[in-house]
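See below for my_file_2.cif, which holds mmCIF, C-alpha atoms.
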data_query
loop_
_atom_site.group_PDB
_atom_site.id
_atom_site.type_symbol
_atom_site.label_atom_id
_atom_site.label_comp_id
_atom_site.auth_asym_id
_atom_site.auth_seq_id
_atom_site.Cartn_x
_atom_site.Cartn_y
_atom_site.Cartn_z
ATOM 1 C CA MET A 3 -16.263 21.184 -27.484
ATOM 2 C CA ILE A 4 -14.843 17.771 -26.607
ATOM 3 C CA ASP A 5 -17.472 15.085 -26.055
ATOM 4 C CA ALA A 6 -17.252 12.145 -23.641
ATOM 5 C CA LYS A 7 -16.302 9.679 -26.375
ATOM 6 C CA THR A 8 -13.385 11.861 -27.508
ATOM 7 C CA THR A 9 -12.285 12.335 -23.889
ATOM 8 C CA ALA A 10 -12.191 8.560 -23.376
ATOM 9 C CA ALA A 11 -10.211 8.152 -26.606
ATOM 10 C CA LEU A 12 -7.678 10.761 -25.510
ATOM 11 C CA LEU A 13 -7.302 9.071 -22.138
ATOM 12 C CA LEU A 14 -6.926 5.669 -23.754
ATOM 13 C CA ALA A 15 -4.175 6.955 -26.039
ATOM 14 C CA SER A 16 -2.232 8.493 -23.181
ATOM 15 C CA LEU A 17 -2.671 5.406 -21.007
ATOM 16 C CA ALA A 18 -1.448 3.146 -23.791
ATOM 17 C CA ALA A 19 1.825 5.030 -23.818
ATOM 18 C CA ILE A 20 2.487 4.074 -20.221
ATOM 19 C CA TYR A 21 0.962 0.611 -19.925
ATOM 20 C CA LEU A 22 2.318 -0.869 -23.110
ATOM 21 C CA VAL A 23 5.692 0.886 -23.115
ATOM 22 C CA VAL A 24 5.824 1.770 -19.391
ATOM 23 C CA THR A 25 8.702 3.852 -18.183
ATOM 24 C CA ALA A 26 7.338 7.253 -17.125
ATOM 25 C CA PRO A 27 4.020 9.048 -17.521
ATOM 26 C CA ALA A 28 3.306 10.139 -21.083
ATOM 27 C CA PRO A 29 3.065 13.917 -21.615
ATOM 28 C CA LEU A 30 -0.341 15.543 -21.573
ATOM 29 C CA PRO A 31 -1.718 16.762 -24.898
ATOM 30 C CA ASP A 32 -1.378 20.464 -25.754
ATOM 31 C CA GLY A 33 -3.810 23.209 -26.728
ATOM 32 C CA GLU A 34 -7.551 22.770 -26.414
ATOM 33 C CA THR A 35 -7.240 19.034 -25.726
ATOM 34 C CA VAL A 36 -5.606 19.731 -22.347
ATOM 35 C CA GLN A 37 -8.952 20.525 -20.788
ATOM 36 C CA ALA A 38 -10.377 17.236 -22.063
ATOM 37 C CA ALA A 39 -7.452 15.333 -20.578
ATOM 38 C CA ARG A 40 -8.083 16.796 -17.118
ATOM 39 C CA VAL A 41 -11.214 14.791 -16.441
ATOM 40 C CA GLY A 42 -12.365 13.993 -12.911
ATOM 41 C CA VAL A 43 -11.365 10.333 -12.898
ATOM 42 C CA PRO A 44 -13.081 8.394 -10.056
ATOM 43 C CA VAL A 45 -10.687 6.896 -7.536
ATOM 44 C CA ARG A 46 -11.892 3.345 -8.120
ATOM 45 C CA THR A 47 -10.426 3.541 -11.639
ATOM 46 C CA LEU A 48 -6.940 3.951 -10.185
ATOM 47 C CA LEU A 49 -7.525 1.431 -7.387
ATOM 48 C CA ASP A 50 -8.849 -1.184 -9.833
ATOM 49 C CA ALA A 51 -5.914 -0.569 -12.190
ATOM 50 C CA ALA A 52 -3.360 -0.709 -9.377
ATOM 51 C CA ASN A 53 -4.806 -3.956 -8.047
ATOM 52 C CA THR A 54 -4.869 -5.475 -11.534
ATOM 53 C CA ALA A 55 -1.155 -4.774 -12.007
ATOM 54 C CA ASN A 56 -0.259 -6.042 -8.547
ATOM 55 C CA ALA A 57 -2.442 -9.162 -8.826
ATOM 56 C CA ALA A 58 -0.761 -10.023 -12.142
ATOM 57 C CA ALA A 59 2.677 -9.567 -10.573
ATOM 58 C CA ARG A 60 1.807 -11.728 -7.607
ATOM 59 C CA LYS A 61 0.382 -14.469 -9.839
ATOM 60 C CA VAL A 62 3.489 -14.482 -12.048
ATOM 61 C CA PHE A 63 5.751 -14.471 -8.990
ATOM 62 C CA THR A 64 3.802 -17.245 -7.246
ATOM 63 C CA GLU A 65 3.386 -19.593 -10.192
ATOM 64 C CA ARG A 66 6.503 -18.979 -12.278
ATOM 65 C CA ILE A 67 9.072 -17.978 -9.662
ATOM 66 C CA VAL A 68 8.125 -19.591 -6.341
ATOM 67 C CA SER A 69 6.392 -22.813 -7.445
ATOM 68 C CA ARG A 70 8.772 -23.566 -10.297
ATOM 69 C CA GLY A 71 11.745 -22.195 -8.366
ATOM 70 C CA GLN A 72 11.183 -24.663 -5.556
ATOM 71 C CA GLU A 73 11.233 -27.454 -8.136
ATOM 72 C CA ALA A 74 14.595 -26.091 -9.284
ATOM 73 C CA GLY A 75 15.980 -26.086 -5.742
ATOM 74 C CA LEU A 76 15.441 -22.427 -4.876
ATOM 75 C CA VAL A 77 14.219 -21.596 -1.365
ATOM 76 C CA PHE A 78 11.533 -19.092 -0.335
ATOM 77 C CA ALA A 79 11.042 -18.268 3.305
ATOM 78 C CA GLU A 80 9.443 -15.950 5.831
ATOM 79 C CA ASP A 81 12.858 -14.756 7.071
ATOM 80 C CA TRP A 82 14.321 -14.225 3.595
ATOM 81 C CA LEU A 83 15.681 -10.765 4.478
ATOM 82 C CA ARG A 84 18.119 -12.113 7.067
ATOM 83 C CA PRO A 85 21.634 -11.592 5.600
ATOM 84 C CA GLU A 86 22.678 -15.199 6.144
ATOM 85 C CA ARG A 87 19.458 -16.678 4.687
ATOM 86 C CA GLU A 88 19.750 -17.886 1.093
ATOM 87 C CA ALA A 89 16.090 -17.501 0.225
ATOM 88 C CA GLY A 90 13.565 -15.380 -1.602
ATOM 89 C CA PRO A 91 10.271 -13.877 -0.386
ATOM 90 C CA LEU A 92 7.067 -15.863 -0.094
ATOM 91 C CA PRO A 93 4.232 -14.423 -2.245
ATOM 92 C CA ALA A 94 2.662 -12.459 0.622
ATOM 93 C CA LEU A 95 6.065 -11.013 1.487
ATOM 94 C CA PHE A 96 6.621 -10.055 -2.133
ATOM 95 C CA LEU A 97 3.384 -8.072 -1.900
ATOM 96 C CA ARG A 98 4.640 -6.485 1.308
ATOM 97 C CA SER A 99 7.832 -5.518 -0.517
ATOM 98 C CA VAL A 100 5.776 -3.870 -3.267
ATOM 99 C CA ALA A 101 3.868 -1.938 -0.598
ATOM 100 C CA ALA A 102 7.143 -0.802 0.982
ATOM 101 C CA GLN A 103 8.462 0.355 -2.395
ATOM 102 C CA LEU A 104 5.311 2.441 -2.928
ATOM 103 C CA GLN A 105 5.864 4.022 0.461
ATOM 104 C CA GLU A 106 9.486 4.806 -0.411
ATOM 105 C CA GLN A 107 8.258 6.620 -3.527
ATOM 106 C CA ARG A 108 5.965 8.670 -1.261
ATOM 107 C CA SER A 109 3.106 7.633 -3.493
ATOM 108 C CA PRO A 110 -0.377 8.651 -2.315
ATOM 109 C CA LEU A 111 -1.330 5.045 -3.117
ATOM 110 C CA ALA A 112 -0.915 2.579 -0.265
ATOM 111 C CA LEU A 113 -1.230 -1.218 -0.202
ATOM 112 C CA PHE A 114 -1.977 -3.569 2.695
ATOM 113 C CA LEU A 115 -2.693 -7.308 2.751
ATOM 114 C CA GLY A 116 -5.228 -8.127 5.438
ATOM 115 C CA SER A 117 -7.135 -11.182 6.611
ATOM 116 C CA ASP A 118 -9.649 -12.330 9.181
ATOM 117 C CA SER A 119 -7.269 -15.227 9.952
ATOM 118 C CA PRO A 120 -3.839 -13.566 9.780
ATOM 119 C CA ILE A 121 -0.563 -15.204 10.745
ATOM 120 C CA ASN A 122 0.602 -11.813 11.951
ATOM 121 C CA PRO A 123 -2.048 -10.102 14.126
ATOM 122 C CA SER A 124 -1.054 -6.708 12.701
ATOM 123 C CA ASN A 125 -2.580 -7.856 9.390
ATOM 124 C CA GLY A 126 -6.032 -8.295 10.927
ATOM 125 C CA PHE A 127 -8.934 -6.202 9.654
ATOM 126 C CA LYS A 128 -10.482 -3.451 11.748
ATOM 127 C CA GLY A 129 -13.717 -1.441 11.690
ATOM 128 C CA GLU A 130 -15.348 -1.089 8.271
ATOM 129 C CA GLN A 131 -12.764 -3.479 6.812
ATOM 130 C CA VAL A 132 -14.260 -6.297 8.883
ATOM 131 C CA ARG A 133 -17.803 -5.625 7.685
ATOM 132 C CA SER A 134 -16.782 -5.231 4.051
ATOM 133 C CA PHE A 135 -14.656 -8.376 4.096
ATOM 134 C CA ILE A 136 -17.555 -10.503 5.386
ATOM 135 C CA VAL A 137 -19.558 -9.606 2.265
ATOM 136 C CA LEU A 138 -16.524 -9.842 -0.038
ATOM 137 C CA LYS A 139 -15.906 -13.434 1.057
ATOM 138 C CA GLN A 140 -19.404 -14.355 -0.085
ATOM 139 C CA ASP A 141 -19.449 -12.819 -3.575
ATOM 140 C CA ARG A 142 -15.712 -12.077 -4.091
ATOM 141 C CA LYS A 143 -16.516 -8.675 -5.560
ATOM 142 C CA PRO A 144 -14.412 -5.613 -4.641
ATOM 143 C CA ARG A 145 -15.661 -3.371 -1.875
ATOM 144 C CA TYR A 146 -15.204 0.402 -1.927
ATOM 145 C CA PHE A 147 -15.736 2.730 0.999
ATOM 146 C CA GLU A 148 -14.438 5.865 2.677
ATOM 147 C CA MET A 149 -12.718 6.041 6.043
ATOM 148 C CA ALA A 150 -13.673 9.635 6.812
ATOM 149 C CA ASP A 151 -11.731 9.768 10.081
ATOM 150 C CA LEU A 152 -8.505 9.067 8.164
ATOM 151 C CA GLY A 153 -9.505 11.003 5.055
ATOM 152 C CA ILE A 154 -8.903 8.079 2.693
ATOM 153 C CA GLN A 155 -10.757 6.103 0.045
ATOM 154 C CA VAL A 156 -10.467 2.323 0.450
ATOM 155 C CA ALA A 157 -10.906 -0.669 -1.858
ATOM 156 C CA LEU A 158 -10.746 -4.350 -0.855
ATOM 157 C CA TYR A 159 -10.016 -7.095 -3.402
ATOM 158 C CA ALA A 160 -10.256 -10.819 -2.695
ATOM 159 C CA ASP A 161 -6.929 -12.573 -2.160
ATOM 160 C CA VAL A 162 -7.573 -16.100 -3.396
ATOM 161 C CA ALA A 163 -5.343 -19.138 -2.809
ATOM 162 C CA VAL A 164 -4.179 -19.772 -6.385
ATOM 163 C CA ALA A 165 -1.198 -22.038 -5.719
ATOM 164 C CA ALA A 166 -0.599 -25.121 -3.590
ATOM 165 C CA GLY A 167 2.321 -23.358 -1.925
ATOM 166 C CA CYS A 168 0.025 -20.673 -0.490
ATOM 167 C CA VAL A 169 -2.187 -23.318 1.095
ATOM 168 C CA SER A 170 0.584 -25.549 2.482
ATOM 169 C CA CYS A 171 2.511 -22.592 3.902
ATOM 170 C CA HIS A 172 -0.459 -21.220 5.846
ATOM 171 C CA ASN A 173 -1.700 -24.640 6.945
ATOM 172 C CA GLY A 174 1.724 -25.596 8.257
ATOM 173 C CA HIS A 175 2.652 -22.306 9.899
ATOM 174 C CA PRO A 176 2.764 -22.608 13.709
ATOM 175 C CA LYS A 177 1.242 -19.141 14.173
ATOM 176 C CA SER A 178 -1.592 -19.623 11.693
ATOM 177 C CA PRO A 179 -5.041 -19.517 13.354
ATOM 178 C CA LYS A 180 -6.438 -21.675 10.526
ATOM 179 C CA HIS A 181 -4.998 -24.954 9.214
ATOM 180 C CA ASP A 182 -7.607 -26.199 6.754
ATOM 181 C CA TRP A 183 -7.106 -23.857 3.799
ATOM 182 C CA VAL A 184 -7.752 -25.317 0.347
ATOM 183 C CA LEU A 185 -7.117 -24.034 -3.162
ATOM 184 C CA GLY A 186 -9.650 -21.412 -4.174
ATOM 185 C CA ASP A 187 -10.301 -20.133 -0.639
ATOM 186 C CA VAL A 188 -10.445 -16.383 -0.044
ATOM 187 C CA MET A 189 -7.509 -16.051 2.334
ATOM 188 C CA GLY A 190 -7.744 -12.313 2.798
ATOM 189 C CA ALA A 191 -7.937 -9.096 0.816
ATOM 190 C CA ALA A 192 -5.516 -6.745 -0.871
ATOM 191 C CA THR A 193 -6.461 -3.340 0.519
ATOM 192 C CA TRP A 194 -5.655 -0.204 -1.477
ATOM 193 C CA THR A 195 -6.069 3.356 -0.206
ATOM 194 C CA TYR A 196 -5.892 6.819 -1.784
ATOM 195 C CA PRO A 197 -6.472 10.256 -0.211
ATOM 196 C CA ARG A 198 -8.898 11.653 -2.819
ATOM 197 C CA SER A 199 -12.142 10.529 -4.450
ATOM 198 C CA THR A 200 -11.237 11.840 -7.931
ATOM 199 C CA MET A 201 -8.080 12.700 -9.864
ATOM 200 C CA SER A 202 -6.806 13.840 -13.244
ATOM 201 C CA ASP A 203 -5.858 11.342 -15.924
ATOM 202 C CA ARG A 204 -2.240 12.426 -15.342
ATOM 203 C CA ASP A 205 -2.541 11.358 -11.687
ATOM 204 C CA LEU A 206 -4.015 8.075 -12.906
ATOM 205 C CA ARG A 207 -1.069 7.452 -15.222
ATOM 206 C CA ILE A 208 1.442 8.403 -12.558
ATOM 207 C CA GLY A 209 -0.263 6.123 -10.025
ATOM 208 C CA VAL A 210 -0.121 3.069 -12.270
ATOM 209 C CA ALA A 211 3.470 3.876 -13.237
ATOM 210 C CA GLN A 212 4.363 3.940 -9.545
ATOM 211 C CA VAL A 213 2.784 0.518 -9.024
ATOM 212 C CA TYR A 214 4.736 -1.005 -11.925
ATOM 213 C CA ASP A 215 7.908 0.654 -10.652
ATOM 214 C CA ALA A 216 7.312 -0.681 -7.123
ATOM 215 C CA ILE A 217 6.820 -4.197 -8.516
ATOM 216 C CA GLU A 218 10.054 -3.973 -10.476
ATOM 217 C CA ARG A 219 12.000 -2.651 -7.487
ATOM 218 C CA ALA A 220 10.639 -5.432 -5.271
ATOM 219 C CA TYR A 221 11.708 -8.054 -7.804
ATOM 220 C CA ARG A 222 15.145 -6.472 -8.245
ATOM 221 C CA ALA A 223 15.618 -6.683 -4.468
ATOM 222 C CA TYR A 224 15.169 -10.458 -4.720
ATOM 223 C CA LEU A 225 17.568 -10.688 -7.673
ATOM 224 C CA ASP A 226 20.178 -8.685 -5.763
ATOM 225 C CA LYS A 227 19.831 -11.045 -2.802
ATOM 226 C CA SER A 228 20.098 -14.130 -5.040
ATOM 227 C CA ARG A 229 23.397 -12.920 -6.496
ATOM 228 C CA ARG A 230 24.931 -13.267 -3.031
ATOM 229 C CA PHE A 231 23.975 -16.941 -2.643
ATOM 230 C CA ALA A 232 26.826 -19.445 -2.326
ATOM 231 C CA GLU A 233 25.372 -21.023 -5.485
ATOM 232 C CA PRO A 234 23.639 -18.119 -7.225
ATOM 233 C CA PRO A 235 21.054 -18.919 -9.909
ATOM 234 C CA SER A 236 21.764 -17.847 -13.454
ATOM 235 C CA ILE A 237 19.891 -14.673 -14.334
ATOM 236 C CA GLY A 238 18.744 -13.964 -17.878
ATOM 237 C CA SER A 239 15.766 -14.549 -20.129
ATOM 238 C CA GLY A 240 14.922 -18.014 -18.783
ATOM 239 C CA TRP A 241 12.528 -19.043 -16.021
ATOM 240 C CA PRO A 242 13.160 -21.616 -13.281
ATOM 241 C CA GLU A 243 12.021 -25.180 -13.769
ATOM 242 C CA LYS A 244 13.026 -28.588 -12.531
ATOM 243 C CA GLY A 245 16.735 -29.026 -13.154
ATOM 244 C CA GLN A 246 17.149 -25.386 -14.199
ATOM 245 C CA ARG A 247 18.287 -23.180 -11.318
ATOM 246 C CA ARG A 248 17.724 -19.811 -12.967
ATOM 247 C CA LEU A 249 15.715 -16.619 -12.672
ATOM 248 C CA PRO A 250 14.416 -14.178 -15.273
ATOM 249 C CA ASP A 251 16.038 -10.760 -15.217
ATOM 250 C CA ALA A 252 13.919 -7.759 -14.250
ATOM 251 C CA ASP A 253 13.045 -6.875 -17.855
ATOM 252 C CA THR A 254 11.808 -10.399 -18.568
ATOM 253 C CA PHE A 255 9.800 -10.558 -15.352
ATOM 254 C CA MET A 256 8.195 -7.170 -15.932
ATOM 255 C CA ALA A 257 7.362 -8.037 -19.544
ATOM 256 C CA ALA A 258 5.366 -11.018 -18.244
ATOM 257 C CA VAL A 259 3.602 -8.844 -15.659
ATOM 258 C CA LYS A 260 2.680 -6.205 -18.241
ATOM 259 C CA GLU A 261 1.503 -8.817 -20.729
ATOM 260 C CA ALA A 262 -0.800 -10.220 -18.036
ATOM 261 C CA SER A 263 -2.190 -6.844 -16.949
ATOM 262 C CA ALA A 264 -1.882 -4.067 -19.553
ATOM 263 C CA MET A 265 -5.005 -4.794 -21.608
ATOM 264 C CA ALA A 266 -7.129 -5.286 -18.504
ATOM 265 C CA ILE A 267 -5.928 -1.919 -17.197
ATOM 266 C CA LEU A 268 -6.773 -0.266 -20.496
ATOM 267 C CA ASN A 269 -10.281 -1.706 -20.274
ATOM 268 C CA ILE A 270 -10.650 -0.370 -16.737
ATOM 269 C CA ALA A 271 -9.519 3.089 -17.837
ATOM 270 C CA VAL A 272 -11.969 3.219 -20.741
ATOM 271 C CA LEU A 273 -14.902 2.203 -18.560
ATOM 272 C CA LEU A 274 -14.712 5.379 -16.493
ATOM 273 C CA GLN A 275 -17.713 5.770 -14.200
#

Can you present the structure in this file as C-alpha cells?
Amino acid sequence: MIDAKTTAALLLASLAAIYLVVTAPAPLPDGETVQAARVGVPVRTLLDAANTANAAARKVFTERIVSRGQEAGLVFAEDWLRPEREAGPLPALFLRSVAAQLQEQRSPLALFLGSDSPINPSNGFKGEQVRSFIVLKQDRKPRYFEMADLGIQVALYADVAVAAGCVSCHNGHPKSPKHDWVLGDVMGAATWTYPRSTMSDRDLRIGVAQVYDAIERAYRAYLDKSRRFAEPPSIGSGWPEKGQRRLPDADTFMAAVKEASAMAILNIAVLLQ
C-alpha cells in the first residue's frame, strides 16, 4: 500500500520532469504506482501553480523587457497589434496574450485580469469577484470560490504595481478612472478558473505545461512582430539595456521564467491539501 509520503514523492518526481525540463507532460509511472499517481489533487494546487508561472513571466517581461527595453529605445504600446505599429505589448496586454494562447489550446484553464478601476470596462469585476476583491485588497491573500451557476472554480491573486511603467501608464491613460496609482498598489487581480474541484496529477502536469507553453507562444508573437520593424532589434542570448537594442530569444526568456518559478511550483505541488 502506498502511503501519503510516498504519493507526494512520486508526484514531486513527475512534476520535476516537467517544471525543470519542461516540454511535455512526463509519463505516468507503471504497475502498482499508477494508482498512487492518480491522487485527487485539489484545484487550488493547479491554480496556485499556474499563477506562479504567469506572475514570474509577467515580472520578467515587465522588468527585463519593457523597462529596460524602453531605455534601449524599444516601444511598448496599447495598440501594438496594429500592423503599422512598431511596438510590443504592455505588461497587461502580454498577460492578455497568454490568456488568448491558453484559449487557443482549448485548455480548461482560463485567465482574466480584472480590476475595480479598469481602463477597459469589460475588465471590471462582477458578483462574487467584487466581494472577494475587497478582502483581497486588504490582506493581499488569494481568494478561492466557486461560481456554481457557471460550473467553475475561481481563484483571485493580487496584481501589484511592481514597476514604474505600470503606474505611469495607468495614471496617464485618458480612460483610466484612477490617476493616483503608486508603486506597491494592488491594481487588480489575476483571475484563474477551472471547471473541476479536483484532478489527477497528470492533469496538474498538463495544466502547468499549457501555461508555460502559452507564455512562450505569447513571447514568440512579440519576437515575430519585432522582426518586421524598420530597425529590428537583435535577437539572441542578450537582454535589452541602455544602448543595447536587443531582445532575448524565446529559449533565453523562458529559461528566466522557469528559473523564477519552477522551485516555487514544486513547493506548491508538494504541499497538497

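Closest approach to Ala191 of chain A among A:Pro179, A:Pro234, A:Gly126, A:Pro44: A:Gly126, based on only C-alpha atoms.
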
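We find atom CA of Ile270 of chain A and atom CA of Asp50 of chain A to be spaced 7.2 Å apart.
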
Inset, instruction - Given the file shown, enumerate the residues that the PyMOL selection byres ((chain A and resi 96) around 12) captures and present them as a PyMOL selection string. - result: chain A and resi 56-57+59-64+67-68+78-80+82-83+90-95+97-103+113-115+216-224

Inset, instruction - Could you please determine the separation between atom CA of Val156 of chain A and atom CA of Gln105 of chain A in Å, to one decimal place? - result: 16.4 Å

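Atom CA of Ala55 of chain A sits 7.2 Å away from atom CA of Val213 of chain A.
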
Legend entry - Hits of the PyMOL selection byres ((chain A and resi 150) around 12) in this structure, as a ChimeraX atom specification: /A:130,147-149,151-156,196-199

Taking the file as shown, find all residues satisfying the PyMOL selection byres ((chain A and resi 242) around 10) and write them as a compact mmCIF listing (two decimals) with C-alpha atoms, keeping the file's coordinate frame.
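Okay, this is what ended up in selection-v5.txt:
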# COMPACT_ATOMS: atom_id res chain seq x y z
CA ARG A 66 6.50 -18.98 -12.28
CA ILE A 67 9.07 -17.98 -9.66
CA VAL A 68 8.12 -19.59 -6.34
CA SER A 69 6.39 -22.81 -7.44
CA ARG A 70 8.77 -23.57 -10.30
CA GLY A 71 11.74 -22.20 -8.37
CA GLN A 72 11.18 -24.66 -5.56
CA GLU A 73 11.23 -27.45 -8.14
CA ALA A 74 14.60 -26.09 -9.28
CA GLY A 75 15.98 -26.09 -5.74
CA LEU A 76 15.44 -22.43 -4.88
CA PRO A 235 21.05 -18.92 -9.91
CA SER A 236 21.76 -17.85 -13.45
CA ILE A 237 19.89 -14.67 -14.33
CA GLY A 240 14.92 -18.01 -18.78
CA TRP A 241 12.53 -19.04 -16.02
CA GLU A 243 12.02 -25.18 -13.77
CA LYS A 244 13.03 -28.59 -12.53
CA GLY A 245 16.74 -29.03 -13.15
CA GLN A 246 17.15 -25.39 -14.20
CA ARG A 247 18.29 -23.18 -11.32
CA ARG A 248 17.72 -19.81 -12.97
CA LEU A 249 15.72 -16.62 -12.67
CA PRO A 250 14.42 -14.18 -15.27

Each side padded by 8 Å, which centre and which edge lengths in Å (one decimal) define the axis-aligned box around the listed atoms of segment 116-123 of chain A? Give them as JSON.
{"center_x": -4.5, "center_y": -11.7, "center_z": 9.8, "size_x": 26.3, "size_y": 23.1, "size_z": 24.7}

Inset, instruction - Please identify all polymer residues lying at most 12 Å from the point (-4.8, -21.2, 8.7) (file coordinates), using all atoms listed in the file, and present the result as a list of chain:residue names. - result: A:Ser117, A:Asp118, A:Ser119, A:Pro120, A:Ile121, A:Asn122, A:Ala163, A:Cys168, A:Val169, A:Ser170, A:Cys171, A:His172, A:Asn173, A:Gly174, A:His175, A:Pro176, A:Lys177, A:Ser178, A:Pro179, A:Lys180, A:His181, A:Asp182, A:Trp183, A:Val184, A:Asp187, A:Val188, A:Met189, A:Gly190

Inset, instruction - Tell me which protein, DNA and RNA residues are within 6 Å of segment 259-266 of chain A, counting only C-alpha atoms, leaving out same-chain ones fewer than 2 positions away, and put them as JSON, numbers by chain. - result: {"A": [21, 55, 58, 59, 256, 257, 268, 269]}

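Checking A:Glu106, A:Asp161, A:Arg207, A:Glu86 one by one against Ile267 of chain A, counting all atoms listed in the file, you find the shortest gap at A:Arg207.
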